[in-house]
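*Asks:* Structure supplied as run_14.pdb; contents: PDB, C-alpha atoms.
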```pdb
ATOM      1  CA  MET A   1     -11.597  -4.615   9.169
ATOM      2  CA  GLN A   2     -14.709  -2.453   9.389
ATOM      3  CA  ILE A   3     -15.515   0.088   6.710
ATOM      4  CA  ASP A   4     -17.153   3.366   7.735
ATOM      5  CA  ARG A   5     -19.337   4.428   4.830
ATOM      6  CA  SER A   6     -21.219   7.110   6.786
ATOM      7  CA  LYS A   7     -18.957   9.772   5.245
ATOM      8  CA  HIS A   8     -20.117   8.667   1.814
ATOM      9  CA  ALA A   9     -23.843   9.149   2.261
ATOM     10  CA  PRO A  10     -26.099  10.153  -0.611
ATOM     11  CA  ASN A  11     -26.110  13.853  -1.504
ATOM     12  CA  SER A  12     -29.235  16.028  -1.736
ATOM     13  CA  THR A  13     -30.202  14.417  -5.058
ATOM     14  CA  GLY A  14     -30.039  10.966  -3.482
ATOM     15  CA  ALA A  15     -26.938   9.897  -5.440
ATOM     16  CA  VAL A  16     -23.619   8.916  -3.945
ATOM     17  CA  ALA A  17     -20.753  10.858  -5.532
ATOM     18  CA  GLU A  18     -18.707   8.746  -7.937
ATOM     19  CA  GLY A  19     -15.275   7.934  -6.655
ATOM     20  CA  ARG A  20     -12.561   5.337  -6.409
ATOM     21  CA  GLU A  21     -11.939   3.196  -3.370
ATOM     22  CA  TYR A  22      -8.547   3.179  -1.677
ATOM     23  CA  LEU A  23      -7.208   1.124   1.204
ATOM     24  CA  THR A  24      -5.536   3.542   3.612
ATOM     25  CA  PHE A  25      -2.573   2.606   5.774
ATOM     26  CA  SER A  26       0.032   4.206   8.030
ATOM     27  CA  LEU A  27       3.804   4.348   7.766
ATOM     28  CA  GLY A  28       5.352   6.363  10.557
ATOM     29  CA  ASN A  29       3.307   9.551  10.928
ATOM     30  CA  GLU A  30       1.993   9.584   7.362
ATOM     31  CA  GLU A  31      -1.115   8.097   5.797
ATOM     32  CA  TYR A  32      -0.925   6.407   2.417
ATOM     33  CA  ALA A  33      -3.519   4.835   0.155
ATOM     34  CA  VAL A  34      -3.461   2.179  -2.547
ATOM     35  CA  ASP A  35      -6.160   1.312  -5.085
ATOM     36  CA  ILE A  36      -8.452  -1.247  -3.430
ATOM     37  CA  LEU A  37      -8.600  -3.241  -6.679
ATOM     38  CA  LYS A  38      -4.930  -4.209  -6.163
ATOM     39  CA  VAL A  39      -5.620  -5.639  -2.683
ATOM     40  CA  GLN A  40      -6.100  -9.389  -2.339
ATOM     41  CA  GLU A  41      -6.177  -9.617   1.467
ATOM     42  CA  ILE A  42      -4.867  -8.188   4.726
ATOM     43  CA  ARG A  43      -2.961 -10.405   7.163
ATOM     44  CA  GLY A  44      -1.272  -9.981  10.494
ATOM     45  CA  TYR A  45       2.515  -9.832  10.302
ATOM     46  CA  GLU A  46       4.138 -13.228  10.716
ATOM     47  CA  ALA A  47       7.680 -14.510  10.569
ATOM     48  CA  VAL A  48       9.110 -14.658   7.059
ATOM     49  CA  THR A  49      11.766 -16.867   5.531
ATOM     50  CA  ARG A  50      14.725 -14.609   4.787
ATOM     51  CA  ILE A  51      16.393 -14.962   1.379
ATOM     52  CA  ALA A  52      20.162 -14.380   1.267
ATOM     53  CA  ASN A  53      21.627 -11.578  -0.860
ATOM     54  CA  THR A  54      18.396  -9.620  -1.283
ATOM     55  CA  PRO A  55      17.971  -5.899  -0.644
ATOM     56  CA  GLU A  56      17.124  -4.930   2.940
ATOM     57  CA  PHE A  57      13.571  -3.846   2.033
ATOM     58  CA  ILE A  58      12.750  -7.425   0.974
ATOM     59  CA  LYS A  59      12.033  -9.076   4.306
ATOM     60  CA  GLY A  60      11.740 -12.556   2.794
ATOM     61  CA  VAL A  61       8.909 -14.805   1.652
ATOM     62  CA  ILE A  62       5.859 -16.515   3.103
ATOM     63  CA  ASN A  63       3.902 -19.521   1.886
ATOM     64  CA  LEU A  64       0.353 -18.306   1.289
ATOM     65  CA  ARG A  65      -1.843 -21.322   0.548
ATOM     66  CA  GLY A  66       0.854 -22.877  -1.628
ATOM     67  CA  VAL A  67       1.998 -19.636  -3.295
ATOM     68  CA  ILE A  68       5.435 -18.245  -2.407
ATOM     69  CA  VAL A  69       4.883 -14.531  -1.741
ATOM     70  CA  PRO A  70       7.743 -11.998  -1.450
ATOM     71  CA  ILE A  71       7.322  -9.570   1.457
ATOM     72  CA  VAL A  72       8.442  -5.936   1.087
ATOM     73  CA  ASP A  73       8.709  -3.624   4.109
ATOM     74  CA  LEU A  74       7.483  -0.245   2.867
ATOM     75  CA  ARG A  75       9.033   1.568   5.839
ATOM     76  CA  ILE A  76      12.452   0.485   4.598
ATOM     77  CA  LYS A  77      11.605   1.017   0.895
ATOM     78  CA  PHE A  78      10.418   4.579   1.624
ATOM     79  CA  GLY A  79      13.076   5.291   4.246
ATOM     80  CA  VAL A  80      10.258   6.414   6.557
ATOM     81  CA  ALA A  81      11.148   4.861   9.889
ATOM     82  CA  ALA A  82      13.062   2.024  11.444
ATOM     83  CA  PRO A  83      10.997  -1.155  11.272
ATOM     84  CA  ALA A  84       9.260  -2.089  14.501
ATOM     85  CA  TYR A  85       6.855  -4.993  14.449
ATOM     86  CA  ASN A  86       3.948  -5.078  16.906
ATOM     87  CA  GLN A  87       0.336  -6.246  17.150
ATOM     88  CA  PHE A  88      -0.784  -3.536  14.679
ATOM     89  CA  THR A  89       1.771  -4.387  11.965
ATOM     90  CA  VAL A  90       0.068  -5.946   8.969
ATOM     91  CA  VAL A  91       0.860  -7.327   5.549
ATOM     92  CA  ILE A  92      -1.271  -6.134   2.662
ATOM     93  CA  VAL A  93      -1.257  -8.858   0.007
ATOM     94  CA  LEU A  94      -1.434  -7.247  -3.431
ATOM     95  CA  ASN A  95      -1.794  -8.328  -7.040
ATOM     96  CA  VAL A  96       0.833  -6.360  -8.951
ATOM     97  CA  LEU A  97       1.534  -6.966 -12.652
ATOM     98  CA  ASP A  98       0.190 -10.533 -12.467
ATOM     99  CA  ARG A  99       2.274 -11.287  -9.359
ATOM    100  CA  VAL A 100       1.281 -11.666  -5.727
ATOM    101  CA  LEU A 101       3.375  -9.826  -3.161
ATOM    102  CA  GLY A 102       2.958  -8.560   0.356
ATOM    103  CA  VAL A 103       3.824  -5.158   1.764
ATOM    104  CA  VAL A 104       4.443  -4.584   5.463
ATOM    105  CA  VAL A 105       2.827  -1.432   6.901
ATOM    106  CA  ASP A 106       2.397  -0.071  10.419
ATOM    107  CA  SER A 107      -1.388  -0.405  10.361
ATOM    108  CA  VAL A 108      -4.399  -0.369   8.056
ATOM    109  CA  SER A 109      -6.906   2.419   8.660
ATOM    110  CA  ASP A 110      -9.970   2.005   6.465
ATOM    111  CA  VAL A 111     -11.328   2.083   2.952
ATOM    112  CA  ALA A 112     -11.780   5.627   1.661
ATOM    113  CA  ILE A 113     -13.770   6.714  -1.362
ATOM    114  CA  LEU A 114     -12.174   9.674  -3.117
ATOM    115  CA  THR A 115     -13.774  11.679  -5.891
ATOM    116  CA  GLU A 116     -11.750  13.483  -8.563
ATOM    117  CA  ASP A 117     -12.273  16.770  -6.672
ATOM    118  CA  GLN A 118     -10.585  15.292  -3.595
ATOM    119  CA  ILE A 119      -7.405  14.285  -5.474
ATOM    120  CA  LYS A 120      -4.724  16.860  -6.221
ATOM    121  CA  PRO A 121      -1.578  16.306  -8.340
ATOM    122  CA  ALA A 122       1.552  15.037  -6.612
ATOM    123  CA  PRO A 123       3.909  17.863  -5.668
ATOM    124  CA  GLU A 124       7.290  18.238  -7.337
ATOM    125  CA  LEU A 125       9.919  17.751  -4.643
ATOM    126  CA  GLY A 126      13.159  18.381  -6.495
ATOM    127  CA  SER A 127      15.527  15.428  -6.323
ATOM    128  CA  LEU A 128      13.077  13.219  -4.389
ATOM    129  CA  ASP A 129      11.619  10.423  -6.526
ATOM    130  CA  THR A 130       7.828  10.818  -6.475
ATOM    131  CA  ARG A 131       7.012   8.900  -9.671
ATOM    132  CA  PHE A 132       5.074   6.371  -7.600
ATOM    133  CA  VAL A 133       2.889   9.074  -5.993
ATOM    134  CA  THR A 134      -0.201   9.520  -8.168
ATOM    135  CA  GLY A 135      -1.632  12.349  -6.115
ATOM    136  CA  MET A 136      -2.633  13.688  -2.749
ATOM    137  CA  GLY A 137      -6.091  12.826  -1.489
ATOM    138  CA  THR A 138      -7.976  15.006   0.954
ATOM    139  CA  LEU A 139     -10.608  13.429   3.154
ATOM    140  CA  ASP A 140     -12.039  15.512   5.999
ATOM    141  CA  ASN A 141      -8.923  16.732   7.841
ATOM    142  CA  ARG A 142      -6.720  13.933   6.493
ATOM    143  CA  MET A 143      -4.110  14.081   3.739
ATOM    144  CA  LEU A 144      -3.509  10.770   1.951
ATOM    145  CA  ILE A 145      -0.480  10.033  -0.211
ATOM    146  CA  LEU A 146      -1.836   7.987  -3.133
ATOM    147  CA  VAL A 147       0.640   5.292  -4.158
ATOM    148  CA  ASP A 148       0.822   3.510  -7.513
ATOM    149  CA  ILE A 149       2.338   0.243  -6.323
ATOM    150  CA  GLU A 150       3.279  -0.766  -9.881
ATOM    151  CA  LYS A 151       5.407   2.374 -10.306
ATOM    152  CA  LEU A 152       6.897   1.999  -6.825
ATOM    153  CA  LEU A 153       8.438  -1.354  -7.629
ATOM    154  CA  SER A 154      11.016  -1.097 -10.378
ATOM    155  CA  ALA A 155      11.501  -3.607 -13.179
ATOM    156  CA  THR A 156      14.627  -4.751 -11.326
ATOM    157  CA  ASP A 157      12.554  -5.342  -8.166
ATOM    158  CA  MET A 158      10.012  -7.378 -10.143
ATOM    159  CA  GLN A 159      12.749  -9.505 -11.763
ATOM    160  CA  LEU A 160      14.178 -10.136  -8.315
ATOM    161  CA  PHE A 161      10.749 -11.249  -7.058
ATOM    162  CA  ASP A 162      10.492 -13.614 -10.026
ATOM    163  CA  ARG A 163      13.869 -15.180  -9.128
ATOM    164  CA  ILE A 164      12.919 -15.481  -5.460
ATOM    165  CA  THR A 165       9.609 -17.212  -6.165
ATOM    166  CA  ALA A 166      10.826 -19.439  -9.034
TER
END
```
So that I can check it, write out the structure of this file as structure tokens.

*Replies:*
Amino acid sequence: MQIDRSKHAPNSTGAVAEGREYLTFSLGNEEYAVDILKVQEIRGYEAVTRIANTPEFIKGVINLRGVIVPIVDLRIKFGVAAPAYNQFTVVIVLNVLDRVLGVVVDSVSDVAILTEDQIKPAPELGSLDTRFVTGMGTLDNRMLILVDIEKLLSATDMQLFDRITA
């Protein structure tokens, strides 16, 4: 994956604006972003071993260099679109609460640096659960939904991952 840092050139004083780095990815027609510090690696989608009696959003597990890694399809978890796997589908391997897990996304875009001025609070959407949305990032003409992966996955989800990988 190539990173375009031309948008983050020094300002007139010669300093690059302070900001946080986010890995951006697509789900359906929307762009999301996750804190780059949570990302361990990005892999092409590969067949997973399905585990019986798990929720539909848990696709199964893979063996990643001797570590059993649960794989979550974010399209199903978010209810965004029906899963369709192609050459652009990737798994983002994350470190979440001292656990390794993978999330399936449509594609990875780039690494974006967002300053505090570029991040707005998450909107209140009535009955829709947005606790996992930390804000909305604006970058050029793009709107990024900033996801806190630790808030997205409930304590019940994490206990389930522990049972799967035990």

*Asks:* Which of these, A:Pro83, A:Met136, A:Val111, A:Pro55, has the shortest distance to Leu160 of chain A once you count only C-alpha atoms?

*Replies:*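 Residue with the minimum atom-to-atom distance to Leu160 of chain A: A:Pro55.
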
*Asks:* Tell me which residues the PyMOL selection byres ((chain A and resi 19) around 6) grabs here, as a list in words.

*Replies:*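 On this input, the PyMOL selection byres ((chain A and resi 19) around 6) captures Glu18, Arg20, Ile113, Leu114 and Thr115 of chain A.
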
*Asks:* Please write the residues from the selection above to a file, keeping C-alpha atoms, as a compact mmCIF listing (two decimals), keeping the file's coordinate frame.

*Replies:*
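File part.txt, as written:
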```txt
# COMPACT_ATOMS: atom_id res chain seq x y z
CA GLU A 18 -18.71 8.75 -7.94
CA ARG A 20 -12.56 5.34 -6.41
CA ILE A 113 -13.77 6.71 -1.36
CA LEU A 114 -12.17 9.67 -3.12
CA THR A 115 -13.77 11.68 -5.89
```

*Asks:* Can you list, as a list of chain:residue names, every protein, DNA or RNA residue that comes within 12 Å of Val80 of chain A when you count all atoms listed in the file, leaving out same-chain residues fewer than 6 positions away?

*Replies:*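 Non-adjacent residues within range: A:Ser26, A:Leu27, A:Gly28, A:Asn29, A:Glu30, A:Glu31, A:Tyr32, A:Phe57, A:Asp73, A:Leu74, A:Val105, A:Asp106.
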
*Asks:* Given the selection you just returned, output its residues as a file containing C-alpha atoms, formatted as an mmCIF file, keeping the file's coordinate frame.

*Replies:*
```
data_model
loop_
_atom_site.group_PDB
_atom_site.id
_atom_site.type_symbol
_atom_site.label_atom_id
_atom_site.label_comp_id
_atom_site.auth_asym_id
_atom_site.auth_seq_id
_atom_site.Cartn_x
_atom_site.Cartn_y
_atom_site.Cartn_z
ATOM 1 C CA SER A 26 0.032 4.206 8.030
ATOM 2 C CA LEU A 27 3.804 4.348 7.766
ATOM 3 C CA GLY A 28 5.352 6.363 10.557
ATOM 4 C CA ASN A 29 3.307 9.551 10.928
ATOM 5 C CA GLU A 30 1.993 9.584 7.362
ATOM 6 C CA GLU A 31 -1.115 8.097 5.797
ATOM 7 C CA TYR A 32 -0.925 6.407 2.417
ATOM 8 C CA PHE A 57 13.571 -3.846 2.033
ATOM 9 C CA ASP A 73 8.709 -3.624 4.109
ATOM 10 C CA LEU A 74 7.483 -0.245 2.867
ATOM 11 C CA VAL A 105 2.827 -1.432 6.901
ATOM 12 C CA ASP A 106 2.397 -0.071 10.419
#
```

*Asks:* Rounded to one decimal, what separation in Å do you get between atom CA of Gln118 of chain A and atom CA of Arg43 of chain A?

*Replies:* 28.9 Å

*Asks:* Can you turn the PyMOL selection byres ((chain A and resi 90-97) around 10) into a concrete residue list for this file, as JSON, numbers by chain?

*Replies:* {"A": [23, 25, 34, 35, 36, 37, 38, 39, 40, 41, 42, 43, 44, 45, 46, 64, 69, 70, 71, 72, 73, 85, 86, 87, 88, 89, 98, 99, 100, 101, 102, 103, 104, 105, 106, 107, 108, 148, 149, 150, 151, 153, 158]}
